[in-house]
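Novice: I am sharing run02.cif, which consists of mmCIF, N, CA and C atoms:
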data_model
#
loop_
_atom_site.label_atom_id
_atom_site.label_comp_id
_atom_site.auth_asym_id
_atom_site.auth_seq_id
_atom_site.Cartn_x
_atom_site.Cartn_y
_atom_site.Cartn_z
N MET L 15 -16.02 7.58 11.99
CA MET L 15 -14.66 8.10 12.03
C MET L 15 -14.52 9.25 11.03
N ALA L 16 -13.93 10.28 11.43
CA ALA L 16 -13.69 11.42 10.55
C ALA L 16 -12.52 11.13 9.62
N ALA L 17 -12.63 11.57 8.40
CA ALA L 17 -11.55 11.42 7.43
C ALA L 17 -10.60 12.61 7.59
N THR L 18 -9.75 12.55 8.63
CA THR L 18 -8.94 13.71 9.00
C THR L 18 -7.74 13.93 8.10
N GLY L 19 -7.27 12.92 7.41
CA GLY L 19 -6.05 13.09 6.64
C GLY L 19 -6.24 12.85 5.16
N PHE L 20 -7.44 13.06 4.63
CA PHE L 20 -7.67 12.72 3.24
C PHE L 20 -6.83 13.56 2.30
N HIS L 21 -6.27 12.89 1.31
CA HIS L 21 -5.49 13.53 0.26
C HIS L 21 -5.91 12.95 -1.07
N THR L 22 -5.82 13.74 -2.13
CA THR L 22 -6.06 13.23 -3.47
C THR L 22 -4.86 12.38 -3.88
N ALA L 23 -5.01 11.63 -4.96
CA ALA L 23 -3.91 10.82 -5.47
C ALA L 23 -2.70 11.70 -5.79
N ASP L 24 -2.93 12.87 -6.39
CA ASP L 24 -1.82 13.78 -6.71
C ASP L 24 -1.11 14.25 -5.45
N GLU L 25 -1.86 14.59 -4.41
CA GLU L 25 -1.24 15.02 -3.15
C GLU L 25 -0.43 13.90 -2.52
N LEU L 26 -0.94 12.68 -2.58
CA LEU L 26 -0.20 11.55 -2.02
C LEU L 26 1.06 11.28 -2.83
N ASN L 27 0.98 11.36 -4.14
CA ASN L 27 2.16 11.15 -4.98
C ASN L 27 3.25 12.18 -4.68
N ALA L 28 2.85 13.40 -4.31
CA ALA L 28 3.82 14.45 -3.99
C ALA L 28 4.59 14.14 -2.71
N LEU L 29 4.08 13.25 -1.86
CA LEU L 29 4.76 12.86 -0.62
C LEU L 29 5.85 11.82 -0.85
N LEU L 30 5.88 11.17 -2.01
CA LEU L 30 6.71 9.98 -2.21
C LEU L 30 8.18 10.23 -2.56
N PRO L 31 8.54 11.27 -3.31
CA PRO L 31 9.96 11.45 -3.64
C PRO L 31 10.82 11.53 -2.37
N GLY L 32 11.96 10.84 -2.41
CA GLY L 32 12.87 10.83 -1.28
C GLY L 32 12.53 9.81 -0.21
N THR L 33 11.53 8.97 -0.47
CA THR L 33 11.13 7.91 0.46
C THR L 33 11.26 6.56 -0.24
N LEU L 34 11.14 5.47 0.52
CA LEU L 34 11.22 4.14 -0.09
C LEU L 34 10.19 3.95 -1.20
N PRO L 35 8.92 4.32 -0.99
CA PRO L 35 7.96 4.18 -2.10
C PRO L 35 8.39 4.96 -3.34
N GLY L 36 8.97 6.13 -3.14
CA GLY L 36 9.48 6.91 -4.27
C GLY L 36 10.62 6.20 -4.96
N LEU L 37 11.50 5.60 -4.18
CA LEU L 37 12.62 4.83 -4.74
C LEU L 37 12.12 3.64 -5.55
N LEU L 38 11.07 3.00 -5.06
CA LEU L 38 10.48 1.87 -5.79
C LEU L 38 9.82 2.32 -7.09
N GLY L 39 9.40 3.57 -7.15
CA GLY L 39 8.69 4.08 -8.32
C GLY L 39 7.19 3.95 -8.21
N LEU L 40 6.69 3.80 -7.00
CA LEU L 40 5.26 3.63 -6.76
C LEU L 40 4.50 4.90 -7.14
N THR L 41 3.33 4.70 -7.72
CA THR L 41 2.44 5.80 -8.07
C THR L 41 1.04 5.47 -7.56
N VAL L 42 0.44 6.40 -6.85
CA VAL L 42 -0.96 6.26 -6.44
C VAL L 42 -1.81 6.60 -7.66
N THR L 43 -2.70 5.68 -8.03
CA THR L 43 -3.52 5.88 -9.22
C THR L 43 -4.95 6.29 -8.91
N ALA L 44 -5.43 5.99 -7.70
CA ALA L 44 -6.79 6.38 -7.28
C ALA L 44 -6.87 6.32 -5.77
N HIS L 45 -7.69 7.21 -5.20
CA HIS L 45 -7.86 7.21 -3.75
C HIS L 45 -9.23 7.76 -3.38
N GLU L 46 -9.88 7.04 -2.51
CA GLU L 46 -11.12 7.49 -1.88
C GLU L 46 -11.10 6.89 -0.49
N PRO L 47 -11.81 7.44 0.47
CA PRO L 47 -11.78 6.87 1.82
C PRO L 47 -12.15 5.38 1.81
N GLY L 48 -11.26 4.58 2.36
CA GLY L 48 -11.46 3.14 2.43
C GLY L 48 -10.91 2.35 1.27
N ARG L 49 -10.32 3.04 0.28
CA ARG L 49 -9.79 2.34 -0.90
C ARG L 49 -8.69 3.17 -1.54
N LEU L 50 -7.58 2.50 -1.89
CA LEU L 50 -6.49 3.16 -2.59
C LEU L 50 -5.89 2.20 -3.60
N ALA L 51 -5.67 2.68 -4.81
CA ALA L 51 -5.02 1.90 -5.86
C ALA L 51 -3.65 2.50 -6.15
N ALA L 52 -2.68 1.62 -6.40
CA ALA L 52 -1.32 2.06 -6.69
C ALA L 52 -0.68 1.09 -7.66
N ALA L 53 0.42 1.53 -8.28
CA ALA L 53 1.10 0.69 -9.27
C ALA L 53 2.58 1.04 -9.31
N LEU L 54 3.35 0.14 -9.88
CA LEU L 54 4.74 0.43 -10.20
C LEU L 54 5.17 -0.38 -11.39
N ASP L 55 6.04 0.21 -12.18
CA ASP L 55 6.60 -0.46 -13.36
C ASP L 55 7.84 -1.22 -12.93
N LEU L 56 7.92 -2.48 -13.36
CA LEU L 56 9.06 -3.31 -12.98
C LEU L 56 10.30 -2.87 -13.76
N ARG L 57 11.41 -2.94 -13.06
CA ARG L 57 12.72 -2.71 -13.65
C ARG L 57 13.70 -3.63 -12.94
N ARG L 58 14.86 -3.80 -13.49
CA ARG L 58 15.83 -4.77 -12.98
C ARG L 58 16.08 -4.63 -11.48
N GLU L 59 16.14 -3.39 -10.99
CA GLU L 59 16.45 -3.16 -9.57
C GLU L 59 15.37 -3.68 -8.62
N LEU L 60 14.19 -3.96 -9.11
CA LEU L 60 13.10 -4.45 -8.27
C LEU L 60 12.95 -5.96 -8.30
N LEU L 61 13.86 -6.62 -9.01
CA LEU L 61 13.84 -8.08 -9.12
C LEU L 61 14.83 -8.70 -8.16
N ALA L 62 14.59 -9.95 -7.82
CA ALA L 62 15.54 -10.74 -7.03
C ALA L 62 16.68 -11.19 -7.96
N PRO L 63 17.79 -11.68 -7.41
CA PRO L 63 18.89 -12.15 -8.25
C PRO L 63 18.50 -13.25 -9.24
N ASN L 64 17.39 -13.96 -8.97
CA ASN L 64 16.95 -15.00 -9.90
C ASN L 64 16.17 -14.44 -11.09
N GLY L 65 15.96 -13.11 -11.13
CA GLY L 65 15.29 -12.49 -12.26
C GLY L 65 13.79 -12.35 -12.11
N TYR L 66 13.25 -12.75 -10.98
CA TYR L 66 11.81 -12.63 -10.73
C TYR L 66 11.54 -11.50 -9.74
N LEU L 67 10.32 -11.03 -9.71
CA LEU L 67 9.89 -9.97 -8.82
C LEU L 67 10.28 -10.30 -7.38
N HIS L 68 10.95 -9.36 -6.72
CA HIS L 68 11.39 -9.56 -5.34
C HIS L 68 10.20 -9.41 -4.40
N ALA L 69 10.11 -10.29 -3.41
CA ALA L 69 9.02 -10.24 -2.43
C ALA L 69 8.97 -8.89 -1.72
N ALA L 70 10.12 -8.30 -1.45
CA ALA L 70 10.15 -7.00 -0.77
C ALA L 70 9.51 -5.90 -1.62
N THR L 71 9.61 -6.02 -2.92
CA THR L 71 8.95 -5.05 -3.81
C THR L 71 7.44 -5.16 -3.66
N VAL L 72 6.94 -6.38 -3.62
CA VAL L 72 5.50 -6.62 -3.48
C VAL L 72 5.01 -6.09 -2.13
N VAL L 73 5.75 -6.41 -1.06
CA VAL L 73 5.36 -5.95 0.27
C VAL L 73 5.43 -4.42 0.35
N GLY L 74 6.44 -3.83 -0.24
CA GLY L 74 6.55 -2.37 -0.25
C GLY L 74 5.37 -1.71 -0.94
N LEU L 75 4.95 -2.27 -2.05
CA LEU L 75 3.80 -1.74 -2.78
C LEU L 75 2.53 -1.86 -1.95
N ALA L 76 2.26 -3.06 -1.44
CA ALA L 76 1.01 -3.30 -0.70
C ALA L 76 0.98 -2.53 0.62
N ASP L 77 2.07 -2.54 1.36
CA ASP L 77 2.10 -1.86 2.65
C ASP L 77 1.98 -0.35 2.48
N THR L 78 2.58 0.19 1.46
CA THR L 78 2.47 1.62 1.19
C THR L 78 1.04 1.99 0.83
N ALA L 79 0.39 1.19 0.00
CA ALA L 79 -1.00 1.47 -0.37
C ALA L 79 -1.89 1.47 0.88
N CYS L 80 -1.71 0.48 1.73
CA CYS L 80 -2.51 0.41 2.95
C CYS L 80 -2.19 1.58 3.88
N GLY L 81 -0.92 1.91 4.01
CA GLY L 81 -0.52 3.00 4.90
C GLY L 81 -1.02 4.35 4.45
N LEU L 82 -0.89 4.63 3.16
CA LEU L 82 -1.38 5.92 2.67
C LEU L 82 -2.90 6.03 2.84
N ALA L 83 -3.60 4.94 2.63
CA ALA L 83 -5.06 4.95 2.78
C ALA L 83 -5.47 5.09 4.24
N THR L 84 -4.65 4.59 5.15
CA THR L 84 -4.95 4.71 6.58
C THR L 84 -5.09 6.17 6.98
N ARG L 85 -4.28 7.03 6.38
CA ARG L 85 -4.30 8.46 6.72
C ARG L 85 -5.69 9.07 6.61
N ALA L 86 -6.47 8.62 5.64
CA ALA L 86 -7.80 9.19 5.41
C ALA L 86 -8.83 8.73 6.43
N LEU L 87 -8.53 7.64 7.14
CA LEU L 87 -9.53 7.09 8.06
C LEU L 87 -9.12 7.22 9.53
N LEU L 88 -8.13 8.05 9.81
CA LEU L 88 -7.74 8.24 11.21
C LEU L 88 -8.86 8.95 11.96
N PRO L 89 -9.13 8.51 13.19
CA PRO L 89 -10.15 9.21 13.99
C PRO L 89 -9.71 10.64 14.29
N GLU L 90 -10.66 11.52 14.48
CA GLU L 90 -10.39 12.91 14.83
C GLU L 90 -9.50 12.96 16.07
N GLY L 91 -8.41 13.71 15.99
CA GLY L 91 -7.48 13.87 17.11
C GLY L 91 -6.32 12.89 17.14
N ALA L 92 -6.35 11.87 16.29
CA ALA L 92 -5.24 10.90 16.26
C ALA L 92 -3.97 11.60 15.77
N ALA L 93 -2.83 11.16 16.30
CA ALA L 93 -1.55 11.76 15.94
C ALA L 93 -0.91 11.08 14.74
N GLY L 94 -1.37 9.90 14.38
CA GLY L 94 -0.79 9.16 13.26
C GLY L 94 -1.08 7.68 13.43
N PHE L 95 -0.21 6.86 12.85
CA PHE L 95 -0.39 5.41 12.90
C PHE L 95 0.94 4.73 12.66
N THR L 96 1.00 3.45 12.95
CA THR L 96 2.16 2.64 12.61
C THR L 96 1.69 1.22 12.34
N THR L 97 2.38 0.54 11.43
CA THR L 97 2.06 -0.86 11.13
C THR L 97 2.52 -1.72 12.29
N ILE L 98 1.62 -2.57 12.80
CA ILE L 98 2.01 -3.47 13.89
C ILE L 98 2.01 -4.94 13.46
N GLU L 99 1.42 -5.24 12.30
CA GLU L 99 1.45 -6.63 11.82
C GLU L 99 1.17 -6.61 10.33
N LEU L 100 1.84 -7.51 9.61
CA LEU L 100 1.55 -7.68 8.19
C LEU L 100 1.81 -9.12 7.79
N LYS L 101 1.08 -9.55 6.77
CA LYS L 101 1.19 -10.91 6.26
C LYS L 101 0.98 -10.89 4.76
N SER L 102 1.77 -11.67 4.07
CA SER L 102 1.64 -11.78 2.61
C SER L 102 1.59 -13.24 2.20
N ASN L 103 0.71 -13.55 1.28
CA ASN L 103 0.68 -14.85 0.62
C ASN L 103 1.02 -14.60 -0.84
N PHE L 104 2.12 -15.19 -1.29
CA PHE L 104 2.57 -15.00 -2.67
C PHE L 104 2.03 -16.13 -3.53
N LEU L 105 1.33 -15.76 -4.59
CA LEU L 105 0.66 -16.74 -5.45
C LEU L 105 1.23 -16.79 -6.86
N GLY L 106 2.05 -15.83 -7.22
CA GLY L 106 2.60 -15.76 -8.56
C GLY L 106 3.75 -14.77 -8.59
N THR L 107 4.33 -14.57 -9.75
CA THR L 107 5.44 -13.64 -9.88
C THR L 107 5.45 -13.06 -11.29
N LEU L 108 6.34 -12.13 -11.49
CA LEU L 108 6.52 -11.47 -12.78
C LEU L 108 8.01 -11.27 -13.03
N ARG L 109 8.35 -11.03 -14.29
CA ARG L 109 9.72 -10.66 -14.65
C ARG L 109 9.76 -9.26 -15.28
N GLU L 110 8.61 -8.83 -15.80
CA GLU L 110 8.54 -7.54 -16.47
C GLU L 110 7.10 -7.07 -16.45
N GLY L 111 6.92 -5.80 -16.79
CA GLY L 111 5.57 -5.24 -16.87
C GLY L 111 5.27 -4.31 -15.72
N ARG L 112 4.02 -4.27 -15.36
CA ARG L 112 3.54 -3.36 -14.32
C ARG L 112 2.77 -4.17 -13.29
N VAL L 113 2.99 -3.87 -12.04
CA VAL L 113 2.29 -4.53 -10.95
C VAL L 113 1.41 -3.49 -10.26
N THR L 114 0.17 -3.90 -9.93
CA THR L 114 -0.79 -2.98 -9.34
C THR L 114 -1.33 -3.56 -8.03
N THR L 115 -1.90 -2.70 -7.22
CA THR L 115 -2.55 -3.16 -6.00
C THR L 115 -3.76 -2.29 -5.72
N VAL L 116 -4.73 -2.89 -5.05
CA VAL L 116 -5.87 -2.17 -4.52
C VAL L 116 -5.96 -2.53 -3.05
N ALA L 117 -5.87 -1.52 -2.19
CA ALA L 117 -6.00 -1.69 -0.74
C ALA L 117 -7.41 -1.29 -0.33
N THR L 118 -8.03 -2.13 0.49
CA THR L 118 -9.39 -1.85 0.97
C THR L 118 -9.44 -2.01 2.49
N ASN L 119 -10.22 -1.13 3.10
CA ASN L 119 -10.35 -1.17 4.55
C ASN L 119 -11.30 -2.28 4.98
N VAL L 120 -10.88 -3.02 6.00
CA VAL L 120 -11.69 -4.09 6.58
C VAL L 120 -12.26 -3.65 7.91
N HIS L 121 -11.48 -2.84 8.65
CA HIS L 121 -11.88 -2.37 9.98
C HIS L 121 -11.21 -1.03 10.24
N ALA L 122 -11.97 -0.04 10.65
CA ALA L 122 -11.42 1.27 11.00
C ALA L 122 -11.92 1.65 12.39
N GLY L 123 -11.19 1.19 13.40
CA GLY L 123 -11.58 1.46 14.78
C GLY L 123 -10.81 2.60 15.41
N ARG L 124 -11.04 2.83 16.66
CA ARG L 124 -10.38 3.91 17.40
C ARG L 124 -8.93 3.58 17.70
N THR L 125 -8.60 2.31 17.85
CA THR L 125 -7.22 1.93 18.20
C THR L 125 -6.49 1.16 17.11
N THR L 126 -7.23 0.52 16.22
CA THR L 126 -6.60 -0.23 15.13
C THR L 126 -7.39 -0.08 13.84
N GLN L 127 -6.68 -0.29 12.75
CA GLN L 127 -7.29 -0.43 11.43
C GLN L 127 -6.73 -1.70 10.81
N VAL L 128 -7.55 -2.41 10.05
CA VAL L 128 -7.12 -3.60 9.32
C VAL L 128 -7.39 -3.35 7.84
N TRP L 129 -6.39 -3.67 7.02
CA TRP L 129 -6.45 -3.44 5.57
C TRP L 129 -6.08 -4.70 4.82
N ASP L 130 -6.74 -4.93 3.70
CA ASP L 130 -6.38 -5.98 2.75
C ASP L 130 -5.92 -5.33 1.46
N ALA L 131 -4.96 -5.96 0.80
CA ALA L 131 -4.52 -5.50 -0.52
C ALA L 131 -4.33 -6.72 -1.41
N VAL L 132 -4.76 -6.59 -2.64
CA VAL L 132 -4.53 -7.62 -3.65
C VAL L 132 -3.57 -7.03 -4.66
N VAL L 133 -2.47 -7.74 -4.89
CA VAL L 133 -1.44 -7.30 -5.83
C VAL L 133 -1.59 -8.14 -7.09
N THR L 134 -1.69 -7.48 -8.24
CA THR L 134 -1.92 -8.19 -9.50
C THR L 134 -0.96 -7.71 -10.59
N ALA L 135 -0.83 -8.56 -11.61
CA ALA L 135 -0.09 -8.19 -12.81
C ALA L 135 -1.03 -7.35 -13.66
N ASP L 136 -0.59 -6.13 -14.00
CA ASP L 136 -1.41 -5.26 -14.82
C ASP L 136 -1.59 -5.89 -16.19
N GLY L 137 -2.76 -5.80 -16.71
CA GLY L 137 -3.04 -6.38 -18.03
C GLY L 137 -3.69 -7.74 -17.91
N SER L 138 -2.98 -8.71 -17.33
CA SER L 138 -3.52 -10.07 -17.24
C SER L 138 -4.45 -10.24 -16.04
N GLY L 139 -4.26 -9.41 -15.01
CA GLY L 139 -5.05 -9.56 -13.80
C GLY L 139 -4.61 -10.73 -12.93
N LYS L 140 -3.53 -11.39 -13.30
CA LYS L 140 -2.99 -12.52 -12.52
C LYS L 140 -2.68 -12.05 -11.10
N THR L 141 -3.17 -12.78 -10.10
CA THR L 141 -2.90 -12.43 -8.72
C THR L 141 -1.47 -12.80 -8.36
N ILE L 142 -0.72 -11.81 -7.88
CA ILE L 142 0.66 -12.00 -7.45
C ILE L 142 0.71 -12.28 -5.95
N ALA L 143 -0.08 -11.54 -5.18
CA ALA L 143 -0.05 -11.71 -3.72
C ALA L 143 -1.33 -11.20 -3.09
N LEU L 144 -1.64 -11.78 -1.93
CA LEU L 144 -2.69 -11.31 -1.04
C LEU L 144 -1.99 -10.79 0.20
N PHE L 145 -2.39 -9.65 0.68
CA PHE L 145 -1.69 -8.96 1.76
C PHE L 145 -2.71 -8.48 2.78
N ARG L 146 -2.37 -8.56 4.07
CA ARG L 146 -3.21 -8.00 5.13
C ARG L 146 -2.29 -7.34 6.16
N CYS L 147 -2.71 -6.17 6.64
CA CYS L 147 -1.93 -5.52 7.68
C CYS L 147 -2.85 -4.92 8.73
N THR L 148 -2.29 -4.75 9.92
CA THR L 148 -2.97 -4.08 11.02
C THR L 148 -2.18 -2.84 11.37
N GLN L 149 -2.90 -1.72 11.45
CA GLN L 149 -2.29 -0.44 11.81
C GLN L 149 -2.74 -0.05 13.21
N SER L 150 -1.80 0.38 14.03
CA SER L 150 -2.13 0.91 15.35
C SER L 150 -2.31 2.42 15.23
N VAL L 151 -3.45 2.91 15.70
CA VAL L 151 -3.70 4.34 15.70
C VAL L 151 -2.94 4.95 16.87
N LEU L 152 -2.16 6.00 16.59
CA LEU L 152 -1.38 6.67 17.62
C LEU L 152 -2.10 7.93 18.11
N TRP L 153 -2.05 8.13 19.42
CA TRP L 153 -2.72 9.28 20.04
C TRP L 153 -1.69 10.17 20.71
N PRO L 154 -1.96 11.49 20.76
CA PRO L 154 -1.02 12.39 21.45
C PRO L 154 -0.88 12.00 22.91
N ARG L 155 0.31 12.23 23.44
CA ARG L 155 0.54 11.92 24.87
C ARG L 155 0.34 13.14 25.71
#
Go ahead and render the structure in this file as structure tokens.
Specialist:
Amino acid sequence: MAATGFHTADELNALLPGTLPGLLGLTVTAHEPGRLAAALDLRRELLAPNGYLHAATVVGLADTACGLATRALLPEGAAGFTTIELKSNFLGTLREGRVTTVATNVHAGRTTQVWDAVVTADGSGKTIALFRCTQSVLWPR
């Protein structure tokens, strides 16, 4: 598969302002074909009313990491992609600090891509969630 949409971490970060990942405060920290690392600093707005990390924040971080990385592995001629399935297993939580994720490619086919992401507490390495998504490759009509 050709890496038709590869971008550096800086180029990907420039895409985020004005989008949900930008609102969350997500930052791409590293990117290479088949792997993307990202992080965000926790703040009150990203917590649930109970004071713990909101599940939607975790899913937003992991899904964005997988989605941005998908761009680099699109087959030549593909028009884009869309998420068609995602699953999260939550194993822990946080109240403060920084949360990180590393997305890795499991399958990069002509019609689908499958990605895994592990979300962890920065510093301690405590696993917060395991995430998997399937992306449908879109073709011009």
Novice: Determine the residue membership of the PyMOL selection byres ((chain L and resi 47) around 8) for the file above and supply it as JSON, numbers by chain.
Specialist: {"L": [17, 20, 21, 45, 46, 48, 49, 50, 83, 86, 87, 118, 119]}
Novice: To one decimal place in Å, what is the distance between atom CA of Ala53 of chain L and atom CA of Thr125 of chain L?
Specialist: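 Atom CA of Thr125 of chain L lies 28.7 Å from atom CA of Ala53 of chain L.
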Novice: Find the residues with any atom within 5 Å of (-6.5, -0.4, 10.5); use all atoms listed in the file and the coordinates as given in the file, and write the answer as a ChimeraX atom specification.
Specialist: /L:121,126-129,149
Novice: What does the distance between atom CA of Pro154 of chain L and atom CA of Leu29 of chain L come to in Å, to one decimal place?
Specialist: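 It comes out at 22.8 Å.
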Novice: Just so the selection is clear, what residues does the PyMOL selection byres (((chain L and resi 97-100 and name CA) around 6) and name CA) cover here, as a ChimeraX atom specification?
Specialist: /L:96,101,146-149
Novice: Taking the file as shown, find all residues satisfying the PyMOL selection byres (((chain L and resi 40 and name CA) around 8) and name CA) and write them as a count of residues only.
Specialist: 13
Novice: As a PyMOL selection string, please: every residue in segment 52-82 of chain L that DSSP puts in alpha helix (DSSP H).
Specialist: chain L and resi 69-82
Novice: Between atom CA of Gly137 of chain L and atom CA of Leu34 of chain L, what is the spacing in Å?
Specialist: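 Atom CA of Gly137 of chain L lies at a distance of 25.2 Å from atom CA of Leu34 of chain L.
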Novice: Run DSSP on the backbone and tell me which residues of chain L come out as strand (DSSP E); list them as a PyMOL selection string.
Specialist: chain L and resi 41-46+49-55+94-104+112-122+126-135+141-152
